[in-house]
Amino acid sequence: QVQLVESGGGLVQAGGSLSLSCAASGRTFSIHAMGWFRQAPGKEREFVAAMSWSGDITNYANSVKGRFTISRDNVKNTVYLQMNSLKPEDTAVYYCNLDTDYSDSYWGQGTQVTVSS
């Protein structure tokens, strides 16, 4: 089992920045990739960014490219999401996701990000 604990959400004005973090614990020896998804009210959960645990592959949704940066700390088993130039449409609950080498997938509890106009 893997446990994910997210932190860093909050309220920010448009154009501002926030940083999210997600710490993994438990069976972390088999991490394949970690990433972030988000879900706005009344909408489907959507992909935001992901990174292979080796660090050689990163992917971003087109809507956040150039504004968000995903990074990780292998020692702390933590993934980060630096969000700059935030827009009201970035408002959502952000969920951390972890995929293992055995195709298991785990989710964090979610953290609210609200961007005011």
# chains A, B, ... in the order shown; residues from 1 in each chain; ligands from 1
$ residues_around --residues "A:Leu98" --least-positions-apart "6" --cutoff "9 Å" --atoms "only C-alpha atoms" --output "list in words"
Val2, Leu4, Ala24, Ile31, His32, Ala33, Met34, Gly35, Trp36, Asp104, Ser105, Tyr106, Trp107 and Gly108 of chain A
$ select_by_dssp --residues "stretch 1-97 of chain A" --states "strand (DSSP E or B)" --output "MDAnalysis selection string"
chainID A and resid 2:7 10:13 18:26 31:39 46:52 58:60 68:73 78:83 92:97
$ residues_around --residues "A:Asn59" --least-positions-apart "3" --cutoff "12 Å" --atoms "only C-alpha atoms" --output "NGL selection string"
:A and (33-37 or 47-52 or 55-56 or 62-66 or 68-71)
$ write_last_selection --atoms "all heavy atoms" --output "compact mmCIF listing (two decimals), in the first residue's frame"
# COMPACT_ATOMS: atom_id res chain seq x y z
N ALA A 33 5.79 6.39 -11.60
CA ALA A 33 5.57 7.79 -11.98
C ALA A 33 4.65 8.43 -10.96
O ALA A 33 3.88 7.75 -10.28
CB ALA A 33 4.96 7.88 -13.37
N MET A 34 4.75 9.75 -10.87
CA MET A 34 3.82 10.51 -10.04
C MET A 34 3.33 11.71 -10.82
O MET A 34 4.03 12.20 -11.73
CB MET A 34 4.49 10.96 -8.73
CG MET A 34 4.77 9.84 -7.77
SD MET A 34 5.40 10.40 -6.17
CE MET A 34 3.91 11.10 -5.44
N GLY A 35 2.16 12.18 -10.50
CA GLY A 35 1.62 13.29 -11.24
C GLY A 35 0.48 13.96 -10.53
O GLY A 35 0.17 13.65 -9.37
N TRP A 36 -0.13 14.90 -11.24
CA TRP A 36 -1.22 15.68 -10.69
C TRP A 36 -2.40 15.69 -11.67
O TRP A 36 -2.21 15.80 -12.88
CB TRP A 36 -0.76 17.12 -10.44
CG TRP A 36 0.27 17.24 -9.39
CD1 TRP A 36 1.63 17.21 -9.56
CD2 TRP A 36 0.05 17.40 -7.99
NE1 TRP A 36 2.26 17.33 -8.34
CE2 TRP A 36 1.31 17.46 -7.36
CE3 TRP A 36 -1.09 17.52 -7.19
CZ2 TRP A 36 1.46 17.62 -5.99
CZ3 TRP A 36 -0.95 17.67 -5.83
CH2 TRP A 36 0.31 17.72 -5.24
N PHE A 37 -3.59 15.60 -11.11
CA PHE A 37 -4.83 15.75 -11.83
C PHE A 37 -5.63 16.82 -11.10
O PHE A 37 -5.32 17.18 -9.97
CB PHE A 37 -5.62 14.44 -11.84
CG PHE A 37 -5.04 13.38 -12.74
CD1 PHE A 37 -3.84 12.76 -12.43
CD2 PHE A 37 -5.70 13.00 -13.89
CE1 PHE A 37 -3.29 11.78 -13.26
CE2 PHE A 37 -5.17 12.02 -14.73
CZ PHE A 37 -3.97 11.42 -14.41
N PHE A 47 -6.14 15.45 -16.44
CA PHE A 47 -4.70 15.36 -16.26
C PHE A 47 -4.08 16.76 -16.26
O PHE A 47 -4.47 17.64 -17.04
CB PHE A 47 -4.10 14.53 -17.41
CG PHE A 47 -2.61 14.58 -17.49
CD1 PHE A 47 -1.83 13.84 -16.62
CD2 PHE A 47 -1.99 15.36 -18.45
CE1 PHE A 47 -0.46 13.88 -16.70
CE2 PHE A 47 -0.61 15.40 -18.54
CZ PHE A 47 0.15 14.67 -17.66
N VAL A 48 -3.10 16.97 -15.39
CA VAL A 48 -2.39 18.24 -15.33
C VAL A 48 -0.91 18.04 -15.71
O VAL A 48 -0.41 18.67 -16.63
CB VAL A 48 -2.47 18.87 -13.92
CG1 VAL A 48 -1.62 20.13 -13.85
CG2 VAL A 48 -3.92 19.16 -13.57
N ALA A 49 -0.22 17.18 -15.00
CA ALA A 49 1.21 16.97 -15.25
C ALA A 49 1.64 15.66 -14.62
O ALA A 49 1.03 15.20 -13.65
CB ALA A 49 2.03 18.11 -14.68
N ALA A 50 2.69 15.07 -15.17
CA ALA A 50 3.22 13.84 -14.62
C ALA A 50 4.70 13.75 -14.92
O ALA A 50 5.21 14.38 -15.86
CB ALA A 50 2.50 12.61 -15.20
N MET A 51 5.39 12.95 -14.08
CA MET A 51 6.83 12.79 -14.23
C MET A 51 7.19 11.35 -13.91
O MET A 51 6.72 10.79 -12.92
CB MET A 51 7.55 13.75 -13.29
CG MET A 51 9.03 13.51 -13.14
SD MET A 51 9.81 14.72 -12.06
CE MET A 51 10.20 15.98 -13.27
N SER A 52 8.02 10.76 -14.77
CA SER A 52 8.55 9.43 -14.44
C SER A 52 9.46 9.55 -13.23
O SER A 52 10.09 10.60 -13.01
CB SER A 52 9.32 8.87 -15.63
OG SER A 52 10.45 9.67 -15.92
N GLY A 55 12.81 10.59 -13.77
CA GLY A 55 12.97 12.00 -14.10
C GLY A 55 13.20 12.29 -15.56
O GLY A 55 13.32 13.46 -15.95
N ASP A 56 13.23 11.26 -16.40
CA ASP A 56 13.56 11.51 -17.80
C ASP A 56 12.35 11.82 -18.67
O ASP A 56 12.50 12.19 -19.83
CB ASP A 56 14.33 10.31 -18.39
CG ASP A 56 13.55 9.02 -18.26
OD1 ASP A 56 12.57 8.98 -17.49
OD2 ASP A 56 13.92 8.04 -18.92
N ASN A 62 -1.86 20.77 -22.17
CA ASN A 62 -1.62 21.98 -22.96
C ASN A 62 -2.04 23.23 -22.19
O ASN A 62 -1.41 24.28 -22.34
CB ASN A 62 -2.38 21.90 -24.28
CG ASN A 62 -1.75 20.92 -25.24
OD1 ASN A 62 -0.56 20.63 -25.16
ND2 ASN A 62 -2.56 20.37 -26.14
N SER A 63 -3.06 23.11 -21.38
CA SER A 63 -3.59 24.27 -20.68
C SER A 63 -2.64 24.82 -19.61
O SER A 63 -2.81 25.96 -19.17
CB SER A 63 -4.93 23.92 -20.04
OG SER A 63 -4.78 22.84 -19.13
N VAL A 64 -1.64 24.04 -19.20
CA VAL A 64 -0.74 24.50 -18.14
C VAL A 64 0.71 24.62 -18.61
O VAL A 64 1.56 25.08 -17.85
CB VAL A 64 -0.81 23.58 -16.91
CG1 VAL A 64 -2.26 23.42 -16.43
CG2 VAL A 64 -0.17 22.22 -17.17
N LYS A 65 0.99 24.21 -19.83
CA LYS A 65 2.37 24.28 -20.34
C LYS A 65 2.89 25.70 -20.27
O LYS A 65 2.21 26.65 -20.65
CB LYS A 65 2.42 23.78 -21.78
CG LYS A 65 2.49 22.27 -21.91
CD LYS A 65 2.58 21.86 -23.37
CE LYS A 65 2.61 20.35 -23.51
NZ LYS A 65 2.61 19.92 -24.93
N GLY A 66 4.12 25.82 -19.78
CA GLY A 66 4.74 27.14 -19.68
C GLY A 66 4.39 27.88 -18.40
O GLY A 66 5.01 28.89 -18.07
N PHE A 68 3.08 25.82 -15.36
CA PHE A 68 3.25 24.87 -14.26
C PHE A 68 4.53 24.07 -14.47
O PHE A 68 4.90 23.76 -15.61
CB PHE A 68 2.08 23.89 -14.19
CG PHE A 68 0.76 24.50 -13.77
CD1 PHE A 68 0.57 25.86 -13.67
CD2 PHE A 68 -0.31 23.66 -13.46
CE1 PHE A 68 -0.64 26.40 -13.28
CE2 PHE A 68 -1.53 24.18 -13.06
CZ PHE A 68 -1.69 25.55 -12.99
N THR A 69 5.17 23.71 -13.38
CA THR A 69 6.36 22.88 -13.44
C THR A 69 6.26 21.77 -12.40
O THR A 69 6.02 22.04 -11.22
CB THR A 69 7.63 23.70 -13.15
OG1 THR A 69 7.72 24.78 -14.10
CG2 THR A 69 8.87 22.83 -13.28
N ILE A 70 6.44 20.55 -12.86
CA ILE A 70 6.43 19.40 -11.95
C ILE A 70 7.87 19.00 -11.65
O ILE A 70 8.75 19.07 -12.52
CB ILE A 70 5.64 18.22 -12.56
CG1 ILE A 70 5.45 17.11 -11.51
CG2 ILE A 70 6.30 17.68 -13.82
CD1 ILE A 70 4.48 16.02 -11.95
N SER A 71 8.12 18.62 -10.42
CA SER A 71 9.46 18.17 -10.03
C SER A 71 9.31 17.13 -8.93
O SER A 71 8.22 16.94 -8.38
CB SER A 71 10.31 19.34 -9.55
OG SER A 71 9.73 19.96 -8.41
$ closest_residue --among "A:Ser85, A:Gln13, A:Ser54, A:Asn77" --to "A:Ser25" --atoms "only C-alpha atoms"
A:Asn77
$ select_by_dssp --residues "chain A" --states "helix (DSSP H, G or I)" --output "ChimeraX atom specification"
/A:28-30,88-90
$ atom_distance --atom1 "atom CA of A:Thr100" --atom2 "atom CA of A:Gly42"
29.4 Å
$ residues_around --residues "A:Val115" --least-positions-apart "3" --cutoff "10 Å" --atoms "only C-alpha atoms" --output "short mmCIF file (atom, residue, chain, number, x, y, z; two decimals) with all heavy atoms, in the first residue's frame"
data_model
loop_
_atom_site.label_atom_id
_atom_site.label_comp_id
_atom_site.auth_asym_id
_atom_site.auth_seq_id
_atom_site.Cartn_x
_atom_site.Cartn_y
_atom_site.Cartn_z
N GLY A 10 -4.70 26.57 -1.68
CA GLY A 10 -5.14 27.79 -1.04
C GLY A 10 -5.81 28.73 -2.01
O GLY A 10 -6.21 28.33 -3.11
N LEU A 11 -5.93 29.99 -1.58
CA LEU A 11 -6.58 31.02 -2.37
C LEU A 11 -5.52 32.01 -2.85
O LEU A 11 -4.68 32.46 -2.06
CB LEU A 11 -7.62 31.74 -1.52
CG LEU A 11 -8.28 32.98 -2.10
CD1 LEU A 11 -9.11 32.61 -3.33
CD2 LEU A 11 -9.15 33.67 -1.05
N VAL A 12 -5.57 32.34 -4.12
CA VAL A 12 -4.61 33.27 -4.70
C VAL A 12 -5.30 34.10 -5.76
O VAL A 12 -6.28 33.65 -6.37
CB VAL A 12 -3.40 32.50 -5.28
CG1 VAL A 12 -3.81 31.65 -6.47
CG2 VAL A 12 -2.27 33.44 -5.64
N GLN A 13 -4.81 35.29 -5.98
CA GLN A 13 -5.36 36.14 -7.04
C GLN A 13 -4.81 35.70 -8.40
O GLN A 13 -3.72 35.12 -8.49
CB GLN A 13 -5.02 37.60 -6.79
CG GLN A 13 -5.79 38.22 -5.63
CD GLN A 13 -5.58 39.72 -5.55
OE1 GLN A 13 -4.52 40.22 -5.91
NE2 GLN A 13 -6.58 40.43 -5.06
N ALA A 14 -5.55 36.00 -9.42
CA ALA A 14 -5.11 35.70 -10.78
C ALA A 14 -3.73 36.33 -11.03
O ALA A 14 -3.48 37.47 -10.62
CB ALA A 14 -6.11 36.22 -11.80
N GLY A 15 -2.87 35.56 -11.66
CA GLY A 15 -1.51 36.01 -11.89
C GLY A 15 -0.54 35.59 -10.82
O GLY A 15 0.68 35.71 -10.99
N GLY A 16 -1.06 35.09 -9.73
CA GLY A 16 -0.22 34.68 -8.61
C GLY A 16 0.31 33.27 -8.77
O GLY A 16 0.11 32.62 -9.80
N SER A 17 0.97 32.81 -7.72
CA SER A 17 1.62 31.49 -7.75
C SER A 17 1.26 30.69 -6.50
O SER A 17 0.99 31.26 -5.44
CB SER A 17 3.14 31.65 -7.80
OG SER A 17 3.56 32.33 -8.96
N LEU A 18 1.25 29.38 -6.66
CA LEU A 18 1.11 28.44 -5.56
C LEU A 18 1.98 27.24 -5.84
O LEU A 18 2.25 26.92 -7.00
CB LEU A 18 -0.35 27.97 -5.41
CG LEU A 18 -1.35 28.87 -4.71
CD1 LEU A 18 -2.74 28.25 -4.81
CD2 LEU A 18 -0.97 29.10 -3.26
N LEU A 86 -1.31 31.96 -12.43
CA LEU A 86 -2.57 31.24 -12.24
C LEU A 86 -3.75 32.03 -12.80
O LEU A 86 -3.77 33.27 -12.76
CB LEU A 86 -2.78 30.93 -10.77
CG LEU A 86 -1.95 29.75 -10.26
CD1 LEU A 86 -1.82 29.78 -8.75
CD2 LEU A 86 -2.56 28.44 -10.72
N LYS A 87 -4.71 31.28 -13.33
CA LYS A 87 -5.90 31.85 -13.92
C LYS A 87 -7.12 31.34 -13.16
O LYS A 87 -7.08 30.25 -12.57
CB LYS A 87 -6.01 31.42 -15.38
CG LYS A 87 -4.81 31.75 -16.23
CD LYS A 87 -4.96 31.16 -17.63
CE LYS A 87 -3.74 31.45 -18.48
NZ LYS A 87 -3.88 30.89 -19.86
N PRO A 88 -8.23 32.07 -13.21
CA PRO A 88 -9.44 31.58 -12.55
C PRO A 88 -9.84 30.17 -13.00
O PRO A 88 -10.36 29.39 -12.20
CB PRO A 88 -10.49 32.62 -12.93
CG PRO A 88 -9.70 33.88 -13.12
CD PRO A 88 -8.40 33.43 -13.73
N GLU A 89 -9.58 29.84 -14.26
CA GLU A 89 -9.93 28.52 -14.76
C GLU A 89 -9.04 27.41 -14.21
O GLU A 89 -9.30 26.23 -14.46
CB GLU A 89 -9.92 28.48 -16.30
CG GLU A 89 -8.66 29.01 -16.93
CD GLU A 89 -8.81 30.47 -17.35
OE1 GLU A 89 -9.35 31.28 -16.56
OE2 GLU A 89 -8.34 30.80 -18.47
N ASP A 90 -8.01 27.77 -13.46
CA ASP A 90 -7.20 26.77 -12.78
C ASP A 90 -7.83 26.33 -11.46
O ASP A 90 -7.34 25.41 -10.81
CB ASP A 90 -5.79 27.29 -12.50
CG ASP A 90 -4.99 27.55 -13.77
OD1 ASP A 90 -5.06 26.70 -14.69
OD2 ASP A 90 -4.30 28.58 -13.83
N THR A 91 -8.90 27.00 -11.06
CA THR A 91 -9.58 26.66 -9.82
C THR A 91 -10.12 25.24 -9.88
O THR A 91 -10.83 24.86 -10.81
CB THR A 91 -10.74 27.63 -9.56
OG1 THR A 91 -10.20 28.94 -9.33
CG2 THR A 91 -11.55 27.20 -8.34
N ALA A 92 -9.73 24.44 -8.91
CA ALA A 92 -10.13 23.03 -8.88
C ALA A 92 -9.58 22.38 -7.62
O ALA A 92 -8.76 22.97 -6.91
CB ALA A 92 -9.58 22.29 -10.11
N GLN A 112 -7.56 21.92 -2.33
CA GLN A 112 -8.31 22.94 -3.08
C GLN A 112 -7.39 24.08 -3.50
O GLN A 112 -6.64 24.63 -2.68
CB GLN A 112 -9.45 23.50 -2.22
CG GLN A 112 -10.24 24.61 -2.88
CD GLN A 112 -11.11 24.11 -4.03
OE1 GLN A 112 -11.79 23.11 -3.92
NE2 GLN A 112 -11.06 24.83 -5.16
#
$ closest_residue --among "A:Cys22, A:Tyr94, A:Ser103, A:Ser117" --to "A:Arg72" --atoms "only C-alpha atoms"
A:Cys22
$ closest_residue --among "A:Tyr102, A:Phe29, A:Trp53, A:Tyr95" --to "A:Asp73" --atoms "only C-alpha atoms"
A:Trp53
